[in-house]
Amino acid sequence: MARTSRSTDTPARLSKAERAWLLKSATYASVLVACSLVFGKVWAWQATDSVSILSSLADSVLDVLASLLTFWAIRYSLEPPDREHRFGHGKAEALAALFQVVLITASAIGIAWQAVQRLSNPQMNEDASLGIGVSVVAIVATFGLLAYQRSIIRQTGSVAILADNVHYQSD
């Protein structure tokens with residue numbers, strides 16, 4: 001199904017059905033990874049009482065919101081034109097991308113704040129190896145999602161998936 005020209009790195013010519021399937025699969029993957037990371041980080045935070053894990057958990061909750069927004073925006077953008085939207089609903093992708101930028105900024109500010117707080121008031125963590133293990137699993141899962149999203153972006157040129165990809169890169 002990959003019809004992207006490697007030399008130009010431009011979106012391939014896909015049928016509407018192929019493009020829709022690729023976009024939907026990318027949103028399914030994003031929501032699945034984000035929700036899985038939230039569950040793993042809740043467990044790790046409860047076990048370690050680590051502010052670092054708590055901060056990462058808060059970021060993952062934002063990831064779930066962003067992924068769900070992208071999920072909705074992709075579905076909405078794929079709807080056919082109607083009386084109010086004569087040229088279709090494609091702008092929903094751009095609005096989702098804008099919201100992703102806002103979430104990335106909010107997440108960065110929140111993480112920086114938590115880091116400053118912990119630096120000014122250091123505490124020992126419980127069972128640090130568990131927190132590190134969950135963090136390693138989260139990193140591997142995120143890298144896998146990023147690779148899959150890049151493949152979809154190359155094939156579809158979706159700005160919403162690109163924004164979601166940039167959001168996960170910031171993690």
# chains A, B, ... in the order shown; residues from 1 in each chain; ligands from 1
$ closest_atom_pairs --of "region 3-57 of chain A" --to "region 108-111 of chain A" --cutoff "10 Å" --atoms "only C-alpha atoms" --output "tab-separated table"
residue	atom	partner	partner_atom	distance
A:Val51	CA	A:Ile111	CA	10.0
A:Ser52	CA	A:Ile111	CA	8.7
A:Leu54	CA	A:Ile111	CA	9.7
A:Ser55	CA	A:Ile111	CA	6.0
A:Ser56	CA	A:Ile111	CA	7.9
$ residues_around --residues "Tyr148 (chain A)" --least-positions-apart "3" --cutoff "12 Å" --atoms "only C-alpha atoms" --output "PyMOL selection string"
chain A and resi 22-23+25-30+33+141-145+151-155+161-162+164-165+168
$ write_last_selection --atoms "N, CA and C atoms" --output "PDB file, in the first residue's frame"
ATOM      1  N   LEU A  22      -5.722   4.720   6.546  1.00  0.00           N
ATOM      2  CA  LEU A  22      -4.420   5.053   7.120  1.00  0.00           C
ATOM      3  C   LEU A  22      -4.550   6.088   8.238  1.00  0.00           C
ATOM      4  N   LEU A  23      -5.329   7.127   8.003  1.00  0.00           N
ATOM      5  CA  LEU A  23      -5.507   8.167   9.011  1.00  0.00           C
ATOM      6  C   LEU A  23      -6.181   7.610  10.268  1.00  0.00           C
ATOM      7  N   SER A  25      -6.178   4.508  11.286  1.00  0.00           N
ATOM      8  CA  SER A  25      -5.275   3.581  11.981  1.00  0.00           C
ATOM      9  C   SER A  25      -4.242   4.344  12.808  1.00  0.00           C
ATOM     10  N   ALA A  26      -3.794   5.488  12.306  1.00  0.00           N
ATOM     11  CA  ALA A  26      -2.840   6.298  13.067  1.00  0.00           C
ATOM     12  C   ALA A  26      -3.485   6.855  14.331  1.00  0.00           C
ATOM     13  N   THR A  27      -4.760   7.235  14.251  1.00  0.00           N
ATOM     14  CA  THR A  27      -5.430   7.750  15.448  1.00  0.00           C
ATOM     15  C   THR A  27      -5.698   6.621  16.441  1.00  0.00           C
ATOM     16  N   TYR A  28      -6.054   5.434  15.950  1.00  0.00           N
ATOM     17  CA  TYR A  28      -6.237   4.288  16.857  1.00  0.00           C
ATOM     18  C   TYR A  28      -4.935   4.008  17.606  1.00  0.00           C
ATOM     19  N   ALA A  29      -3.828   3.991  16.886  1.00  0.00           N
ATOM     20  CA  ALA A  29      -2.526   3.704  17.496  1.00  0.00           C
ATOM     21  C   ALA A  29      -2.189   4.762  18.545  1.00  0.00           C
ATOM     22  N   SER A  30      -2.435   6.010  18.234  1.00  0.00           N
ATOM     23  CA  SER A  30      -2.125   7.099  19.152  1.00  0.00           C
ATOM     24  C   SER A  30      -2.942   6.995  20.437  1.00  0.00           C
ATOM     25  N   VAL A  33      -1.738   3.850  22.513  1.00  0.00           N
ATOM     26  CA  VAL A  33      -0.460   4.079  23.199  1.00  0.00           C
ATOM     27  C   VAL A  33      -0.659   5.051  24.358  1.00  0.00           C
ATOM     28  N   ALA A 141       7.556   2.462  23.505  1.00  0.00           N
ATOM     29  CA  ALA A 141       6.217   2.560  22.898  1.00  0.00           C
ATOM     30  C   ALA A 141       6.074   3.853  22.112  1.00  0.00           C
ATOM     31  N   THR A 142       6.583   4.947  22.655  1.00  0.00           N
ATOM     32  CA  THR A 142       6.497   6.235  21.971  1.00  0.00           C
ATOM     33  C   THR A 142       7.308   6.232  20.674  1.00  0.00           C
ATOM     34  N   PHE A 143       8.523   5.655  20.708  1.00  0.00           N
ATOM     35  CA  PHE A 143       9.319   5.561  19.478  1.00  0.00           C
ATOM     36  C   PHE A 143       8.603   4.727  18.417  1.00  0.00           C
ATOM     37  N   GLY A 144       7.961   3.653  18.836  1.00  0.00           N
ATOM     38  CA  GLY A 144       7.195   2.835  17.888  1.00  0.00           C
ATOM     39  C   GLY A 144       6.054   3.626  17.264  1.00  0.00           C
ATOM     40  N   LEU A 145       5.328   4.371  18.104  1.00  0.00           N
ATOM     41  CA  LEU A 145       4.229   5.203  17.600  1.00  0.00           C
ATOM     42  C   LEU A 145       4.753   6.274  16.649  1.00  0.00           C
ATOM     43  N   SER A 151       5.338   7.188   8.961  1.00  0.00           N
ATOM     44  CA  SER A 151       4.953   6.436   7.765  1.00  0.00           C
ATOM     45  C   SER A 151       3.611   6.933   7.218  1.00  0.00           C
ATOM     46  N   ILE A 152       2.666   7.145   8.112  1.00  0.00           N
ATOM     47  CA  ILE A 152       1.339   7.626   7.702  1.00  0.00           C
ATOM     48  C   ILE A 152       1.432   9.053   7.157  1.00  0.00           C
ATOM     49  N   ILE A 153       2.236   9.888   7.787  1.00  0.00           N
ATOM     50  CA  ILE A 153       2.397  11.279   7.324  1.00  0.00           C
ATOM     51  C   ILE A 153       2.977  11.301   5.918  1.00  0.00           C
ATOM     52  N   ARG A 154       3.988  10.473   5.671  1.00  0.00           N
ATOM     53  CA  ARG A 154       4.597  10.420   4.327  1.00  0.00           C
ATOM     54  C   ARG A 154       3.560  10.007   3.278  1.00  0.00           C
ATOM     55  N   GLN A 155       2.672   9.123   3.649  1.00  0.00           N
ATOM     56  CA  GLN A 155       1.696   8.624   2.678  1.00  0.00           C
ATOM     57  C   GLN A 155       0.504   9.548   2.500  1.00  0.00           C
ATOM     58  N   ILE A 161      -2.033  14.454  11.973  1.00  0.00           N
ATOM     59  CA  ILE A 161      -1.132  13.383  12.402  1.00  0.00           C
ATOM     60  C   ILE A 161       0.272  13.948  12.599  1.00  0.00           C
ATOM     61  N   LEU A 162       0.672  14.896  11.760  1.00  0.00           N
ATOM     62  CA  LEU A 162       1.975  15.544  11.927  1.00  0.00           C
ATOM     63  C   LEU A 162       2.047  16.272  13.272  1.00  0.00           C
ATOM     64  N   ASP A 164       0.283  15.618  15.947  1.00  0.00           N
ATOM     65  CA  ASP A 164       0.306  14.588  16.988  1.00  0.00           C
ATOM     66  C   ASP A 164       1.711  13.999  17.099  1.00  0.00           C
ATOM     67  N   ASN A 165       2.367  13.808  15.964  1.00  0.00           N
ATOM     68  CA  ASN A 165       3.724  13.287  15.941  1.00  0.00           C
ATOM     69  C   ASN A 165       4.690  14.248  16.649  1.00  0.00           C
ATOM     70  N   TYR A 168       4.170  14.022  20.384  1.00  0.00           N
ATOM     71  CA  TYR A 168       4.827  12.849  20.983  1.00  0.00           C
ATOM     72  C   TYR A 168       6.342  12.997  20.965  1.00  0.00           C
TER      73      TYR A 168
END
$ select_by_dssp --residues "chain A" --states "alpha helix (DSSP H)" --output "ChimeraX atom specification"
/A:16-48,51-77,91-120,128-156,159-170
$ closest_residue --among "A:Ser36, A:Thr156, A:Gln100, A:Ser129" --to "Leu57 (chain A)" --atoms "only C-alpha atoms"
A:Ser36
$ residues_around --residues "Phe71 (chain A)" --least-positions-apart "3" --cutoff "8 Å" --atoms "only C-alpha atoms" --output "list in words"
Lys24, Thr27, Tyr28, Val31, Ser67, Leu68, Ile74 and Arg75 of chain A
$ write_last_selection --atoms "all heavy atoms" --output "PDB file, in the first residue's frame"
ATOM      1  N   LYS A  24      -7.211   6.817  10.071  1.00  0.00           N
ATOM      2  CA  LYS A  24      -7.899   6.227  11.227  1.00  0.00           C
ATOM      3  C   LYS A  24      -6.976   5.294  11.998  1.00  0.00           C
ATOM      4  O   LYS A  24      -6.975   5.297  13.229  1.00  0.00           O
ATOM      5  CB  LYS A  24      -9.159   5.485  10.774  1.00  0.00           C
ATOM      6  CG  LYS A  24     -10.281   6.404  10.346  1.00  0.00           C
ATOM      7  CD  LYS A  24     -11.469   5.606   9.863  1.00  0.00           C
ATOM      8  CE  LYS A  24     -12.588   6.498   9.386  1.00  0.00           C
ATOM      9  NZ  LYS A  24     -13.756   5.729   8.905  1.00  0.00           N
ATOM     10  N   THR A  27      -4.760   7.235  14.251  1.00  0.00           N
ATOM     11  CA  THR A  27      -5.430   7.750  15.448  1.00  0.00           C
ATOM     12  C   THR A  27      -5.698   6.621  16.441  1.00  0.00           C
ATOM     13  O   THR A  27      -5.589   6.834  17.653  1.00  0.00           O
ATOM     14  CB  THR A  27      -6.737   8.497  15.113  1.00  0.00           C
ATOM     15  OG1 THR A  27      -7.668   7.612  14.493  1.00  0.00           O
ATOM     16  CG2 THR A  27      -6.467   9.695  14.220  1.00  0.00           C
ATOM     17  N   TYR A  28      -6.054   5.434  15.950  1.00  0.00           N
ATOM     18  CA  TYR A  28      -6.237   4.288  16.857  1.00  0.00           C
ATOM     19  C   TYR A  28      -4.935   4.008  17.606  1.00  0.00           C
ATOM     20  O   TYR A  28      -4.935   3.799  18.818  1.00  0.00           O
ATOM     21  CB  TYR A  28      -6.640   3.027  16.097  1.00  0.00           C
ATOM     22  CG  TYR A  28      -8.010   3.038  15.476  1.00  0.00           C
ATOM     23  CD1 TYR A  28      -8.216   2.478  14.221  1.00  0.00           C
ATOM     24  CD2 TYR A  28      -9.106   3.594  16.121  1.00  0.00           C
ATOM     25  CE1 TYR A  28      -9.466   2.470  13.633  1.00  0.00           C
ATOM     26  CE2 TYR A  28     -10.360   3.590  15.538  1.00  0.00           C
ATOM     27  CZ  TYR A  28     -10.540   3.029  14.289  1.00  0.00           C
ATOM     28  OH  TYR A  28     -11.771   3.028  13.715  1.00  0.00           O
ATOM     29  N   VAL A  31      -4.232   6.760  20.313  1.00  0.00           N
ATOM     30  CA  VAL A  31      -5.099   6.635  21.493  1.00  0.00           C
ATOM     31  C   VAL A  31      -4.706   5.412  22.314  1.00  0.00           C
ATOM     32  O   VAL A  31      -4.629   5.478  23.547  1.00  0.00           O
ATOM     33  CB  VAL A  31      -6.591   6.581  21.084  1.00  0.00           C
ATOM     34  CG1 VAL A  31      -7.481   6.205  22.267  1.00  0.00           C
ATOM     35  CG2 VAL A  31      -7.033   7.923  20.496  1.00  0.00           C
ATOM     36  N   SER A  67      -4.733  12.990  21.608  1.00  0.00           N
ATOM     37  CA  SER A  67      -4.984  11.862  20.709  1.00  0.00           C
ATOM     38  C   SER A  67      -6.469  11.715  20.416  1.00  0.00           C
ATOM     39  O   SER A  67      -6.864  11.427  19.283  1.00  0.00           O
ATOM     40  CB  SER A  67      -4.433  10.568  21.306  1.00  0.00           C
ATOM     41  OG  SER A  67      -3.030  10.629  21.396  1.00  0.00           O
ATOM     42  N   LEU A  68      -7.295  11.917  21.443  1.00  0.00           N
ATOM     43  CA  LEU A  68      -8.747  11.845  21.225  1.00  0.00           C
ATOM     44  C   LEU A  68      -9.227  12.984  20.330  1.00  0.00           C
ATOM     45  O   LEU A  68     -10.103  12.785  19.481  1.00  0.00           O
ATOM     46  CB  LEU A  68      -9.489  11.853  22.558  1.00  0.00           C
ATOM     47  CG  LEU A  68      -9.381  10.573  23.370  1.00  0.00           C
ATOM     48  CD1 LEU A  68      -9.985  10.764  24.761  1.00  0.00           C
ATOM     49  CD2 LEU A  68     -10.042   9.403  22.653  1.00  0.00           C
ATOM     50  N   ILE A  74      -9.884  13.802  12.674  1.00  0.00           N
ATOM     51  CA  ILE A  74      -9.693  13.000  11.458  1.00  0.00           C
ATOM     52  C   ILE A  74     -11.033  12.478  10.965  1.00  0.00           C
ATOM     53  O   ILE A  74     -11.346  12.555   9.772  1.00  0.00           O
ATOM     54  CB  ILE A  74      -8.707  11.839  11.718  1.00  0.00           C
ATOM     55  CG1 ILE A  74      -7.288  12.380  11.931  1.00  0.00           C
ATOM     56  CG2 ILE A  74      -8.757  10.798  10.606  1.00  0.00           C
ATOM     57  CD1 ILE A  74      -6.651  13.023  10.716  1.00  0.00           C
ATOM     58  N   ARG A  75     -11.831  11.946  11.863  1.00  0.00           N
ATOM     59  CA  ARG A  75     -13.137  11.423  11.443  1.00  0.00           C
ATOM     60  C   ARG A  75     -14.017  12.525  10.864  1.00  0.00           C
ATOM     61  O   ARG A  75     -14.692  12.330   9.869  1.00  0.00           O
ATOM     62  CB  ARG A  75     -13.840  10.732  12.611  1.00  0.00           C
ATOM     63  CG  ARG A  75     -13.465   9.285  12.635  1.00  0.00           C
ATOM     64  CD  ARG A  75     -13.277   8.750  14.025  1.00  0.00           C
ATOM     65  NE  ARG A  75     -12.581   7.477  13.961  1.00  0.00           N
ATOM     66  CZ  ARG A  75     -11.275   7.344  13.793  1.00  0.00           C
ATOM     67  NH1 ARG A  75     -10.518   8.388  13.664  1.00  0.00           N
ATOM     68  NH2 ARG A  75     -10.709   6.155  13.750  1.00  0.00           N
TER      69      ARG A  75
END
$ residues_around --residues "Gly40 (chain A)" --least-positions-apart "2" --cutoff "12 Å" --atoms "only C-alpha atoms" --output "list in words"
Val33, Ala34, Cys35, Ser36, Leu37, Val38, Val42, Trp43, Ala44, Trp45, Gln46, Ala47, Ile53, Leu54, Ser56, Leu57, Ser60, Val61, Leu130, Gly131, Ile132, Gly133, Val134, Ser135, Val136, Val137, Ala138 and Ala141 of chain A
$ write_last_selection --atoms "N, CA, C and O atoms" --output "CSV table (one decimal), in the first residue's frame"
chain,number,residue,atom,x,y,z
A,33,VAL,N,-1.7,3.8,22.5
A,33,VAL,CA,-0.5,4.1,23.2
A,33,VAL,C,-0.7,5.1,24.4
A,33,VAL,O,-0.2,4.8,25.5
A,34,ALA,N,-1.4,6.1,24.1
A,34,ALA,CA,-1.6,7.1,25.2
A,34,ALA,C,-2.3,6.5,26.4
A,34,ALA,O,-1.9,6.8,27.5
A,35,CYS,N,-3.4,5.8,26.2
A,35,CYS,CA,-4.1,5.2,27.3
A,35,CYS,C,-3.3,4.1,28.0
A,35,CYS,O,-3.3,4.1,29.2
A,36,SER,N,-2.5,3.4,27.3
A,36,SER,CA,-1.6,2.4,27.9
A,36,SER,C,-0.6,3.0,28.8
A,36,SER,O,-0.3,2.6,29.9
A,37,LEU,N,0.0,4.1,28.3
A,37,LEU,CA,1.0,4.8,29.1
A,37,LEU,C,0.4,5.4,30.3
A,37,LEU,O,1.0,5.4,31.4
A,38,VAL,N,-0.9,5.9,30.3
A,38,VAL,CA,-1.5,6.5,31.5
A,38,VAL,C,-1.7,5.4,32.5
A,38,VAL,O,-1.3,5.6,33.7
A,42,VAL,N,0.2,5.5,36.1
A,42,VAL,CA,-0.6,5.5,37.4
A,42,VAL,C,0.0,4.4,38.3
A,42,VAL,O,0.2,4.7,39.5
A,43,TRP,N,0.2,3.3,37.8
A,43,TRP,CA,0.7,2.2,38.6
A,43,TRP,C,2.1,2.5,39.1
A,43,TRP,O,2.4,2.3,40.3
A,44,ALA,N,3.0,3.0,38.3
A,44,ALA,CA,4.3,3.4,38.7
A,44,ALA,C,4.3,4.5,39.7
A,44,ALA,O,5.1,4.5,40.7
A,45,TRP,N,3.5,5.5,39.5
A,45,TRP,CA,3.4,6.6,40.4
A,45,TRP,C,3.0,6.1,41.8
A,45,TRP,O,3.5,6.6,42.8
A,46,GLN,N,1.9,5.3,41.8
A,46,GLN,CA,1.4,4.8,43.1
A,46,GLN,C,2.5,4.0,43.8
A,46,GLN,O,2.7,4.0,45.1
A,47,ALA,N,3.3,3.3,43.1
A,47,ALA,CA,4.4,2.4,43.7
A,47,ALA,C,5.6,3.2,44.1
A,47,ALA,O,6.3,2.9,45.1
A,53,ILE,N,7.5,10.7,37.8
A,53,ILE,CA,6.5,9.9,37.2
A,53,ILE,C,5.1,10.6,37.2
A,53,ILE,O,4.4,10.5,36.2
A,54,LEU,N,4.8,11.3,38.2
A,54,LEU,CA,3.6,12.1,38.3
A,54,LEU,C,3.6,13.1,37.2
A,54,LEU,O,2.5,13.3,36.5
A,56,SER,N,5.2,13.0,34.3
A,56,SER,CA,5.1,12.2,33.1
A,56,SER,C,3.6,11.7,32.9
A,56,SER,O,3.1,11.7,31.8
A,57,LEU,N,3.0,11.3,34.0
A,57,LEU,CA,1.6,10.9,34.0
A,57,LEU,C,0.7,12.1,33.6
A,57,LEU,O,-0.2,11.9,32.7
A,60,SER,N,1.0,12.4,30.0
A,60,SER,CA,0.3,11.4,29.3
A,60,SER,C,-1.2,11.6,29.2
A,60,SER,O,-1.8,11.2,28.3
A,61,VAL,N,-1.7,12.2,30.3
A,61,VAL,CA,-3.1,12.5,30.3
A,61,VAL,C,-3.4,13.5,29.2
A,61,VAL,O,-4.4,13.4,28.5
A,130,LEU,N,11.5,0.5,39.4
A,130,LEU,CA,10.2,0.3,38.8
A,130,LEU,C,9.8,1.5,37.9
A,130,LEU,O,9.4,1.4,36.8
A,131,GLY,N,10.1,2.7,38.5
A,131,GLY,CA,9.8,3.9,37.7
A,131,GLY,C,10.7,4.0,36.5
A,131,GLY,O,10.2,4.4,35.4
A,132,ILE,N,11.9,3.6,36.6
A,132,ILE,CA,12.8,3.6,35.4
A,132,ILE,C,12.3,2.6,34.4
A,132,ILE,O,12.3,2.9,33.2
A,133,GLY,N,11.9,1.4,34.8
A,133,GLY,CA,11.4,0.4,33.9
A,133,GLY,C,10.2,0.9,33.2
A,133,GLY,O,10.1,0.7,31.9
A,134,VAL,N,9.2,1.5,33.9
A,134,VAL,CA,8.0,2.0,33.2
A,134,VAL,C,8.4,3.1,32.2
A,134,VAL,O,7.9,3.2,31.1
A,135,SER,N,9.4,3.9,32.6
A,135,SER,CA,9.8,5.0,31.7
A,135,SER,C,10.4,4.4,30.4
A,135,SER,O,10.2,5.0,29.3
A,136,VAL,N,11.2,3.4,30.6
A,136,VAL,CA,11.9,2.8,29.4
A,136,VAL,C,10.8,2.2,28.5
A,136,VAL,O,10.8,2.4,27.2
A,137,VAL,N,9.8,1.5,29.1
A,137,VAL,CA,8.7,0.9,28.3
A,137,VAL,C,7.9,2.1,27.5
A,137,VAL,O,7.6,2.0,26.4
A,138,ALA,N,7.7,3.2,28.2
A,138,ALA,CA,7.0,4.3,27.6
A,138,ALA,C,7.8,4.9,26.5
A,138,ALA,O,7.3,5.3,25.4
A,141,ALA,N,7.6,2.5,23.5
A,141,ALA,CA,6.2,2.6,22.9
A,141,ALA,C,6.1,3.9,22.1
A,141,ALA,O,5.5,3.9,21.0
$ atom_distance --atom1 "CA of Asp63 (chain A)" --atom2 "CA of Arg19 (chain A)"
23.5 Å
$ closest_residue --among "A:Arg118, A:Ala97, A:Ser107, A:Ala58" --to "Thr70 (chain A)" --atoms "only C-alpha atoms"
A:Ala97
